[in-house]
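**Q** Structure in structure tokens, see below.
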Amino acid sequence: MDYINELNNSQRDAVLNIEGPCLVIAGAGSGKTRVLTYRIAHLIKQHNKDPFSILALTFTNKASNEMKERIEKVVGTDARNLWMGTFHSIFSRILRSEGSRIGYPSNFTIYDTKDSKSLIKSIVKEQGFDSKLYKENYVYNRISNAKNKLISCNEYLKNKIIQNEDASSLRPKIGIIYKKYVDRCFKSQAMDFDDLLFNTNTLFKEHTDILNKYQQLFKYVLIDEFQDTNFSQYLITKKLSSVGRNICVVGDDAQSIYAFRGADINNILNFEKDYPELQIIKLEQNYRSTKNIVGAANSVIEKNRSKISKKIWTDNHVGELISIKKSYSDNQEGKMVASLIFEEKNKKQLSNSNFAVLYRTNSQSRAIEESLRRIGINYKVYGSLSFYQRKEVKDIIAYLRFVANQNDEQSLRRIINLPRRGIGKTTIEKIILISNEKNIRLWDVLLNIKKYFNPRVSGAVGKFTDLIKGFILFVENNDVYASASHIASISGLMKELYNDKTIEGLNRYENVQELLNSIKEHIDNSSDRKDISIDSFLQEISLLTDQDTDNDESGEEYISLMTVHMAKGLEFHVVFVVGMEEDLFPSQMMLSSRKDLEEERRLFYVAITRSMRKLYLTYSNTRYRYGILKECQPSRFIEEIDKKYTENMVFGSSKANFAKNLIQKNQKEIDSHRKLRHVPSENFHRSEINNLKEGMKVEHQKFGYGSIQKLDINSHQQKAIVNFKLVGKKTLLLSFAKLRIVS
DNA sequence: TTTCTGTACTAATCA
DNA sequence: AGTACAGAAA
């Protein structure tokens with residue numbers, strides 16, 4: 001019971017009142033994690049609740065691991081029996097054991113975002129839709145949003161409002177793509193990330209016996225970062241806790257920054273309607289930051305209209321003022337930050353791990369990295385390409401995935417011609433077409449390849465299926481590690497990487513070695529016999545992200561460089577928020593509506609409140625964006641901070657013209673570039689080949705305007721000789737060249 | 001079918 | 001600036 005004394009009054013309320021629904025509004029730095037962990041520990045230790053009956057959901061593996069560790073410190077190894085993890089990991093666990101009821105095997109594959117997008121892309125292509133209009137990013141987000149709102153593809157097609165939206169964005173076919181996409185995922189026995197939640201809802205809706213089972217099991221439900229839940233997550237937890245009604249959610253509406261991926265702030269605002277007997281506890285004392293920082297943060301968030309009223313305050317020192325610093329270029333900004341870090345380190349005797357540099361977009365890290373490297377300060381960039389996303393790693397995993405599940409279309413596409421074995425794009429597309437038309441498994445098309453293809457192709461495919469058959473046999477009698485090593489070498493992937501002696505090649509080879517090592521580690525650490533199977537390994541990694549794998553053995557301390565989004569939940573003594581410029585932070589894409597701007601402001605609020613003792617805000621007059629130098633204005637957010645908390649520090653003005661010159665020079669280069677190139681007219685479209693006549697004036701997208709000298713339509717390859725103004729005579733193949741008739 | 005080259009595009013992020 | 005990919009050539 002020692003831990004009770006570490007808590008203030010409202011924290012104690014939140015920990016001790018274990019019965020009934022409870023909403024904890026936890027301001028930044030108010031000890032939210034402490035409350036959650038102690039509440040769980042209290043349930044187990046004081047009230048003798050069975051850890052198996054407690055469900056605790058978080059958004060990141062990191063958060064759940066951290067909490068588990070802290071609970072274990074209080075209650076011991078009992079903590080390991082908690083149902084604690086991310087939404088996705090907990091519900092994929094349930095789906096693996098109950099999924100057969102909705103037609104999935106227990107070893108279903110999980111598609112990551114890249115798999116999903118590439119599947120969408122191929123569907124768009126197969127359907128003959130315009131790939132410019134139906135870009136996979138756009139379609140993916142549309143589908144993802146629908147799933148998060150629990151709108152199935154059939155409902156999507158029926159829903160008038162949605163159909164109107166798609167029609168007015170000139171993309172009426174999205175519903176059809178959605179339907180095809182769902183079919184193909186199911187056929188591949190695969191779920192994407194959203195399916196893990198969507199299908200859990202389906203399971204609970206259609207099979208009440210299963211719902212009842214878990215309602216009985218989970219006597220206590222706790223949710224972290226509740227402001228980030230989407231409708232799908234909200235409904236699952238509502239259903240699960242509707243019997244015991246012991247649901248405790250913790251969140252902060254001011255830190256809701258994930259609306260773009262479906263998070264719905266109304267979940268927090270409407271929670272009271274669902275549970276009239278709700279107890280609301282506000283944690284308003286900030287233990288993290290100085291008075292200046294808390295005051296500044298409050299003065300910013302006040303500008304938002306929609307919020308739950310609360311007064312965050314602190315007992316901490318007043319502390320230093322917030323420094324606002326201007327520079328003339330992104331590179332100079334980097335240098336300035338590096339030298340300020342150097343000074344602060346010496347002045348306050350801080351170590352690298354006390355510093356963080358936060359930015360709005362990942363691309364801003366480059367300039368900072370460069371100057372830190374030059375000055376010799378260790379740093380670590382978070383959120384670059386994740387280990388499991390690397391091509392060479394994904395390749396090996398695709399082999400494992402296909403060996404485990406021969407219906408997995410995305411893995412098949414990846415490995416069938418890797419390393420090269422003479423099976424090209426067209427063949428793969430045909431195979432998938434046959435599988436869809438005849439409604440048979442991919443693997444059955446491959447096994448009966450001679451029925452459908454000529455000897456050359458079926459020979460190549462035959463070699464591939466023999467290879468996979470061998471792997472399937474091998475896997476039955478060996479653990480994952482042996483299997484992965486076997487596959488890596490027999491497939492020829494290892495050899496190909498080994499022969500690549502470039503620096504990148506060496507790197508890739510090392511990455512594969514590292515993957516094999518991590519698999520070895522996985523089976524060495526597992527106590528259970530079944531943990532050494534391929535399935536178990538694939539399940540483990542499919543829900544891992546980059547931050548979960550960063551094990552630091554070097555013991556060296558480093559400065560953290562990351563986006564503001566990634567910094568949520570973290571704290572540092574000294575924080576730099578760089579690139580405080582209009583159109584960057586707030587992002588130009590978030591200026592169109594109050595709702596978007598308010599989310600952007602909350603993001604800034606998150607950035608400010610990461611800092612414990614000292615905060616720097618920096619901006620630059622000029623910045624390279626997409627390879628072009630742009631002039632920048634300071635961010636409106638700087639103005640929004642109450643002046644009594646800030647000090648302005650401007651660097652000398654001797655270089656005032658420096659920026660202007662740079663911009664002029666840059667503009668000249670762009671202009672000269674433009675002159676050499678034909679810019680296609682706005683209404684450019686391809687004219688019907690049959691309408692082309694000799695002597696006509698035509699436009700070509702690249703070569704510009706010209707006249708047709710000669711047409712050759714009769715031979716099997718239709719050609720035209722065109723005399724262009726810009727580039728002279730060209731012979732064009734009409735099956736390729738797009739020509740627009742001008743007159 | 002494979003390899004090479006020019007072009008188009010570009011947030012944020014978790015699972 | 002950097003990358004992913006479509007189109008053209010081999």
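Following the order of the structure tokens, first chain is A, next is B, and so on, with residues numbered from 1 inside each chain and ligands from 1 in the order they appear.
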So that each row is one residue of chain C with an atom at most 10 Å from chain A, can you give its shortest atom pair and the distance in Å to one decimal, using only C-alpha atoms (C1' of nucleotides), rows by chain and rising number, as CSV?

**A**
residue,atom,partner,partner_atom,distance
C:DA1,C1',A:Gly627,CA,5.0
C:DG2,C1',A:Tyr626,CA,9.0
C:DG7,C1',A:Phe736,CA,8.4
C:DA8,C1',A:Phe736,CA,9.2

**Q** So that I have them on file, write out the residues from the current selection with N, CA, C and O atoms (P, O5', C5', C4', C3', O3' and C1' of nucleotides), as a compact mmCIF listing (two decimals), in the first residue's frame.

**A**
# COMPACT_ATOMS: atom_id res chain seq x y z
P DA C 1 19.09 19.46 -55.26
O5' DA C 1 18.53 18.40 -54.18
C5' DA C 1 18.78 18.53 -52.80
C4' DA C 1 18.18 17.32 -52.12
C3' DA C 1 18.66 15.98 -52.66
O3' DA C 1 18.85 15.08 -51.58
C1' DA C 1 16.33 16.14 -52.94
P DG C 2 19.39 13.65 -51.85
O5' DG C 2 18.03 12.84 -51.97
C5' DG C 2 17.19 12.72 -50.84
C4' DG C 2 16.06 11.77 -51.19
C3' DG C 2 16.53 10.48 -51.87
O3' DG C 2 15.84 9.40 -51.27
C1' DG C 2 14.90 11.56 -53.18
P DG C 7 2.57 4.23 -68.74
O5' DG C 7 3.86 4.38 -69.64
C5' DG C 7 4.49 5.65 -69.74
C4' DG C 7 5.77 5.52 -70.50
C3' DG C 7 5.65 4.75 -71.82
O3' DG C 7 6.35 5.49 -72.80
C1' DG C 7 7.35 3.79 -70.47
P DA C 8 6.37 5.05 -74.29
O5' DA C 8 7.89 4.62 -74.43
C5' DA C 8 8.91 5.59 -74.16
C4' DA C 8 10.26 4.94 -74.35
C3' DA C 8 10.40 4.17 -75.67
O3' DA C 8 11.64 4.54 -76.26
C1' DA C 8 10.90 2.74 -73.84

**Q** Quick one: everything within 10 Å of DC14 (chain B), counting only C-alpha atoms (C1' of nucleotides), minus sequence neighbours fewer than 6 positions away in the same chain. Send it as an MDAnalysis selection string.

**A** chainID A and resid 59:61 86 88 193 258 261 543 545

**Q** Find the residues in chain A near chain B: any atom within 10 Å counts, using only C-alpha atoms (C1' of nucleotides). Write them as a VMD selection string.

**A** chain A and resid 59 to 61 86 to 89 112 to 113 192 to 194 196 257 to 258 260 to 261 360 to 362 383 420 422 to 426 542 to 545 563 to 566 584 587 to 590 603 625 to 626

**Q** Among region 122-360 of chain A, which residues does DSSP mark as strand (DSSP E or B) when it is run on the backbone? Keep the chain and numbering as in the structure and answer as a ChimeraX atom specification.

**A** /A:190-192,220-223,247-251,279-283,285-286,313-314,322-327,355-359

**Q** So that I can check the secondary structure, give me every residue of region 169-293 of chain A assigned helix (DSSP H, G or I) by backbone DSSP, as a PyMOL selection string.

**A** chain A and resi 174-187+193-206+208-217+226-228+231-240+253-255+259-261+266-269+271-274+291-293

**Q** Which residues come within 8 Å of Val381 (chain A), counting only C-alpha atoms (C1' of nucleotides), excluding same-chain residues fewer than 4 positions away, as a list in words?

**A**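 These residues fall inside the cut-off: Ser365, Ser560, Leu561 and Met562 of chain A.
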
**Q** Atoms to include: N, CA, C and O atoms. Write the selected residues as a tab-separated table (two decimals), in the first residue's frame.

**A**
chain	number	residue	atom	x	y	z
A	365	SER	N	14.64	16.52	-40.48
A	365	SER	CA	15.73	16.01	-39.64
A	365	SER	C	17.10	16.19	-40.30
A	365	SER	O	18.10	16.31	-39.61
A	560	SER	N	17.50	12.83	-28.97
A	560	SER	CA	16.40	12.25	-29.73
A	560	SER	C	15.88	13.22	-30.77
A	560	SER	O	15.55	14.36	-30.43
A	561	LEU	N	15.84	12.79	-32.00
A	561	LEU	CA	15.23	13.57	-33.07
A	561	LEU	C	13.97	12.86	-33.53
A	561	LEU	O	14.03	11.69	-33.90
A	562	MET	N	12.85	13.54	-33.46
A	562	MET	CA	11.62	12.88	-33.88
A	562	MET	C	10.52	13.88	-34.22
A	562	MET	O	10.63	15.07	-33.91

**Q** Quick one: residues within 8 Å of region 219-235 of chain A, only C-alpha atoms (C1' of nucleotides) counted, chain neighbours fewer than 6 positions away excluded, as a ChimeraX atom specification?

**A** /A:36,53-59,87,147-150,197-198,201,241,244,246-253,255-259,262-265,267-268

**Q** May I ask for the distance between CA of Pro21 (chain A) and CA of Gln279 (chain A), given in Å to one decimal place?

**A**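 Going from CA of Pro21 (chain A) over to CA of Gln279 (chain A), I get 6.4 Å.
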
**Q** What is the distance between CA of Leu629 (chain A) and CA of Leu340 (chain A), in Å to one decimal?

**A**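 CA of Leu629 (chain A) sits 25.1 Å away from CA of Leu340 (chain A).
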
**Q** When you look at region 44-46 of chain A with a cut-off of 10 Å (counting only C-alpha atoms (C1' of nucleotides)), what residues show up, excluding the ones that are within fewer than 3 positions of it in the same chain? I need them as number ranges by chain.

**A** A: 1, 16, 38-41, 49-51, 53-54, 71, 74-76, 78-79, 82
